[in-house]
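What follows is one structure encoded as structure tokens, with my remarks underneath.
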Amino acid sequence: MNDLGTFIWNELVTPDQQAAGPFYSALFGWERHEVDAGPLGTYTLFRRDGQDVAGMMNPTARDYAGSPPPRWIGYIAVADADAIAAQVPDLGGTVLEEPHDIPGVGRISMFTDPTGALVYVMQQQASTK
């Protein structure tokens with residue numbers, strides 16, 4: 001994986017996908033593809049020229065405490081999501097979402113840095129090609 005340590009995905013968390021989706025589609029020429037994410041509701045993939053470029057989802061019960069405003073969250077590629085999450089507390093951050101698998105995507109974990117900035121890491125699933 002050549003993209004380790006770089007931002008590889010961006011995701012909009014918003015309670016109003018019906019307003020945000022058309023806004024970004026018109027602004028950037030993105031197409032929307034909605035996917036049933038089971039108990040998480042609808043997950044929307046934004047696509048440009050047939051390529052997935054970003055995602056959008058509703059806030060979930062596992063979102064961090066409080067009612068944060070709608071926000072874009074970045075994902076950073078890592079080789080080992082569990083190892084990264086284990087380091088976060090020692091470096092002054094807080095793990096908000098323990099590492100867990102997203103079928104067909106990879107293993108992710110969400111945490112804040114010492115200033116409270118939110119970020120995800122993603123250990124991408126190996127390709128089966």
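Identifiers in the structure tokens: chain A, B, ... in order shown; residue index from 1 per chain; ligand index from 1 in order shown.
Here the strand (DSSP E) residues in region 38-92 of chain A, by DSSP on the backbone, are Thr42, Tyr43, Thr44, Leu45, Phe46, Arg47, Arg48, Gln51, Asp52, Val53, Ala54, Gly55, Met56, Met57, Arg71, Trp72, Ile73, Gly74, Tyr75, Ile76 and Ala77 of chain A.
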Pull N, CA, C and O atoms from the residues just selected and write them as a PDB file, in the first residue's frame.
```pdb
ATOM      1  N   THR A  42     -28.849   4.790   5.685  1.00  0.00           N
ATOM      2  CA  THR A  42     -28.362   4.934   4.313  1.00  0.00           C
ATOM      3  C   THR A  42     -26.935   5.463   4.314  1.00  0.00           C
ATOM      4  O   THR A  42     -26.618   6.415   5.018  1.00  0.00           O
ATOM      5  N   TYR A  43     -26.089   4.833   3.515  1.00  0.00           N
ATOM      6  CA  TYR A  43     -24.750   5.345   3.281  1.00  0.00           C
ATOM      7  C   TYR A  43     -24.723   5.781   1.825  1.00  0.00           C
ATOM      8  O   TYR A  43     -25.089   5.019   0.933  1.00  0.00           O
ATOM      9  N   THR A  44     -24.315   7.015   1.589  1.00  0.00           N
ATOM     10  CA  THR A  44     -24.259   7.551   0.236  1.00  0.00           C
ATOM     11  C   THR A  44     -22.819   7.633  -0.230  1.00  0.00           C
ATOM     12  O   THR A  44     -21.966   8.204   0.464  1.00  0.00           O
ATOM     13  N   LEU A  45     -22.547   7.055  -1.388  1.00  0.00           N
ATOM     14  CA  LEU A  45     -21.245   7.196  -2.032  1.00  0.00           C
ATOM     15  C   LEU A  45     -21.346   8.326  -3.040  1.00  0.00           C
ATOM     16  O   LEU A  45     -22.275   8.365  -3.856  1.00  0.00           O
ATOM     17  N   PHE A  46     -20.427   9.269  -2.955  1.00  0.00           N
ATOM     18  CA  PHE A  46     -20.316  10.306  -3.976  1.00  0.00           C
ATOM     19  C   PHE A  46     -19.349   9.778  -5.024  1.00  0.00           C
ATOM     20  O   PHE A  46     -18.275   9.280  -4.688  1.00  0.00           O
ATOM     21  N   ARG A  47     -19.738   9.897  -6.299  1.00  0.00           N
ATOM     22  CA  ARG A  47     -18.906   9.387  -7.389  1.00  0.00           C
ATOM     23  C   ARG A  47     -18.673  10.472  -8.425  1.00  0.00           C
ATOM     24  O   ARG A  47     -19.532  11.302  -8.681  1.00  0.00           O
ATOM     25  N   ARG A  48     -17.507  10.413  -9.016  1.00  0.00           N
ATOM     26  CA  ARG A  48     -17.167  11.319 -10.123  1.00  0.00           C
ATOM     27  C   ARG A  48     -16.536  10.453 -11.202  1.00  0.00           C
ATOM     28  O   ARG A  48     -15.580   9.709 -10.932  1.00  0.00           O
ATOM     29  N   GLN A  51     -15.940   6.826 -10.331  1.00  0.00           N
ATOM     30  CA  GLN A  51     -15.034   6.514  -9.218  1.00  0.00           C
ATOM     31  C   GLN A  51     -15.604   7.066  -7.913  1.00  0.00           C
ATOM     32  O   GLN A  51     -16.059   8.211  -7.871  1.00  0.00           O
ATOM     33  N   ASP A  52     -15.570   6.266  -6.857  1.00  0.00           N
ATOM     34  CA  ASP A  52     -15.972   6.753  -5.534  1.00  0.00           C
ATOM     35  C   ASP A  52     -14.972   7.802  -5.074  1.00  0.00           C
ATOM     36  O   ASP A  52     -13.758   7.567  -5.120  1.00  0.00           O
ATOM     37  N   VAL A  53     -15.478   8.975  -4.655  1.00  0.00           N
ATOM     38  CA  VAL A  53     -14.590  10.049  -4.209  1.00  0.00           C
ATOM     39  C   VAL A  53     -14.809  10.436  -2.749  1.00  0.00           C
ATOM     40  O   VAL A  53     -13.934  11.040  -2.138  1.00  0.00           O
ATOM     41  N   ALA A  54     -15.963  10.110  -2.181  1.00  0.00           N
ATOM     42  CA  ALA A  54     -16.261  10.451  -0.787  1.00  0.00           C
ATOM     43  C   ALA A  54     -17.529   9.718  -0.377  1.00  0.00           C
ATOM     44  O   ALA A  54     -18.217   9.128  -1.212  1.00  0.00           O
ATOM     45  N   GLY A  55     -17.823   9.785   0.910  1.00  0.00           N
ATOM     46  CA  GLY A  55     -19.033   9.151   1.422  1.00  0.00           C
ATOM     47  C   GLY A  55     -19.821  10.101   2.301  1.00  0.00           C
ATOM     48  O   GLY A  55     -19.323  11.151   2.721  1.00  0.00           O
ATOM     49  N   MET A  56     -21.067   9.702   2.609  1.00  0.00           N
ATOM     50  CA  MET A  56     -21.921  10.497   3.479  1.00  0.00           C
ATOM     51  C   MET A  56     -22.787   9.552   4.295  1.00  0.00           C
ATOM     52  O   MET A  56     -23.309   8.567   3.763  1.00  0.00           O
ATOM     53  N   MET A  57     -22.911   9.856   5.573  1.00  0.00           N
ATOM     54  CA  MET A  57     -23.715   9.005   6.443  1.00  0.00           C
ATOM     55  C   MET A  57     -24.418   9.827   7.507  1.00  0.00           C
ATOM     56  O   MET A  57     -24.051  10.971   7.774  1.00  0.00           O
ATOM     57  N   ARG A  71     -20.197  17.437   9.827  1.00  0.00           N
ATOM     58  CA  ARG A  71     -18.760  17.631   9.646  1.00  0.00           C
ATOM     59  C   ARG A  71     -18.207  16.625   8.652  1.00  0.00           C
ATOM     60  O   ARG A  71     -18.754  15.547   8.475  1.00  0.00           O
ATOM     61  N   TRP A  72     -17.108  17.017   8.036  1.00  0.00           N
ATOM     62  CA  TRP A  72     -16.337  16.122   7.190  1.00  0.00           C
ATOM     63  C   TRP A  72     -15.261  15.490   8.063  1.00  0.00           C
ATOM     64  O   TRP A  72     -14.625  16.175   8.862  1.00  0.00           O
ATOM     65  N   ILE A  73     -15.063  14.189   7.897  1.00  0.00           N
ATOM     66  CA  ILE A  73     -14.040  13.456   8.651  1.00  0.00           C
ATOM     67  C   ILE A  73     -13.110  12.788   7.657  1.00  0.00           C
ATOM     68  O   ILE A  73     -13.559  12.160   6.695  1.00  0.00           O
ATOM     69  N   GLY A  74     -11.803  12.894   7.905  1.00  0.00           N
ATOM     70  CA  GLY A  74     -10.812  12.253   7.054  1.00  0.00           C
ATOM     71  C   GLY A  74     -10.377  10.907   7.607  1.00  0.00           C
ATOM     72  O   GLY A  74     -10.397  10.681   8.823  1.00  0.00           O
ATOM     73  N   TYR A  75      -9.980  10.022   6.710  1.00  0.00           N
ATOM     74  CA  TYR A  75      -9.437   8.708   7.054  1.00  0.00           C
ATOM     75  C   TYR A  75      -7.988   8.662   6.588  1.00  0.00           C
ATOM     76  O   TYR A  75      -7.703   8.988   5.438  1.00  0.00           O
ATOM     77  N   ILE A  76      -7.099   8.219   7.463  1.00  0.00           N
ATOM     78  CA  ILE A  76      -5.681   8.099   7.137  1.00  0.00           C
ATOM     79  C   ILE A  76      -5.337   6.612   6.996  1.00  0.00           C
ATOM     80  O   ILE A  76      -5.700   5.799   7.853  1.00  0.00           O
ATOM     81  N   ALA A  77      -4.637   6.260   5.941  1.00  0.00           N
ATOM     82  CA  ALA A  77      -4.255   4.863   5.697  1.00  0.00           C
ATOM     83  C   ALA A  77      -3.166   4.433   6.670  1.00  0.00           C
ATOM     84  O   ALA A  77      -2.190   5.154   6.887  1.00  0.00           O
TER      85      ALA A  77
END
```
Which residue, A:Gly93, A:Pro70, A:Gly50, A:Pro22, has the smallest gap to Thr115 (chain A) when you use only C-alpha atoms?
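Looking at the shortest contact to Thr115 (chain A), the residue is A:Gly93.
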Please determine, counting only C-alpha atoms, which residue among A:Glu31, A:Glu11, A:Asp3, A:Glu98 has the shortest atom-to-atom distance to Met110 (chain A).
A:Glu98
Between CA of Gln17 (chain A) and CA of Leu40 (chain A), what distance in Å does the model show, to one decimal?
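Going from CA of Gln17 (chain A) over to CA of Leu40 (chain A) covers 13.1 Å.
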I'd like to know which of A:Gly116, A:Gly106, A:Pro15, A:Gly41 is closest to Ala79 (chain A), using only C-alpha atoms.
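Looking only at the distances to Ala79 (chain A), the closest residue turns out to be A:Gly106.
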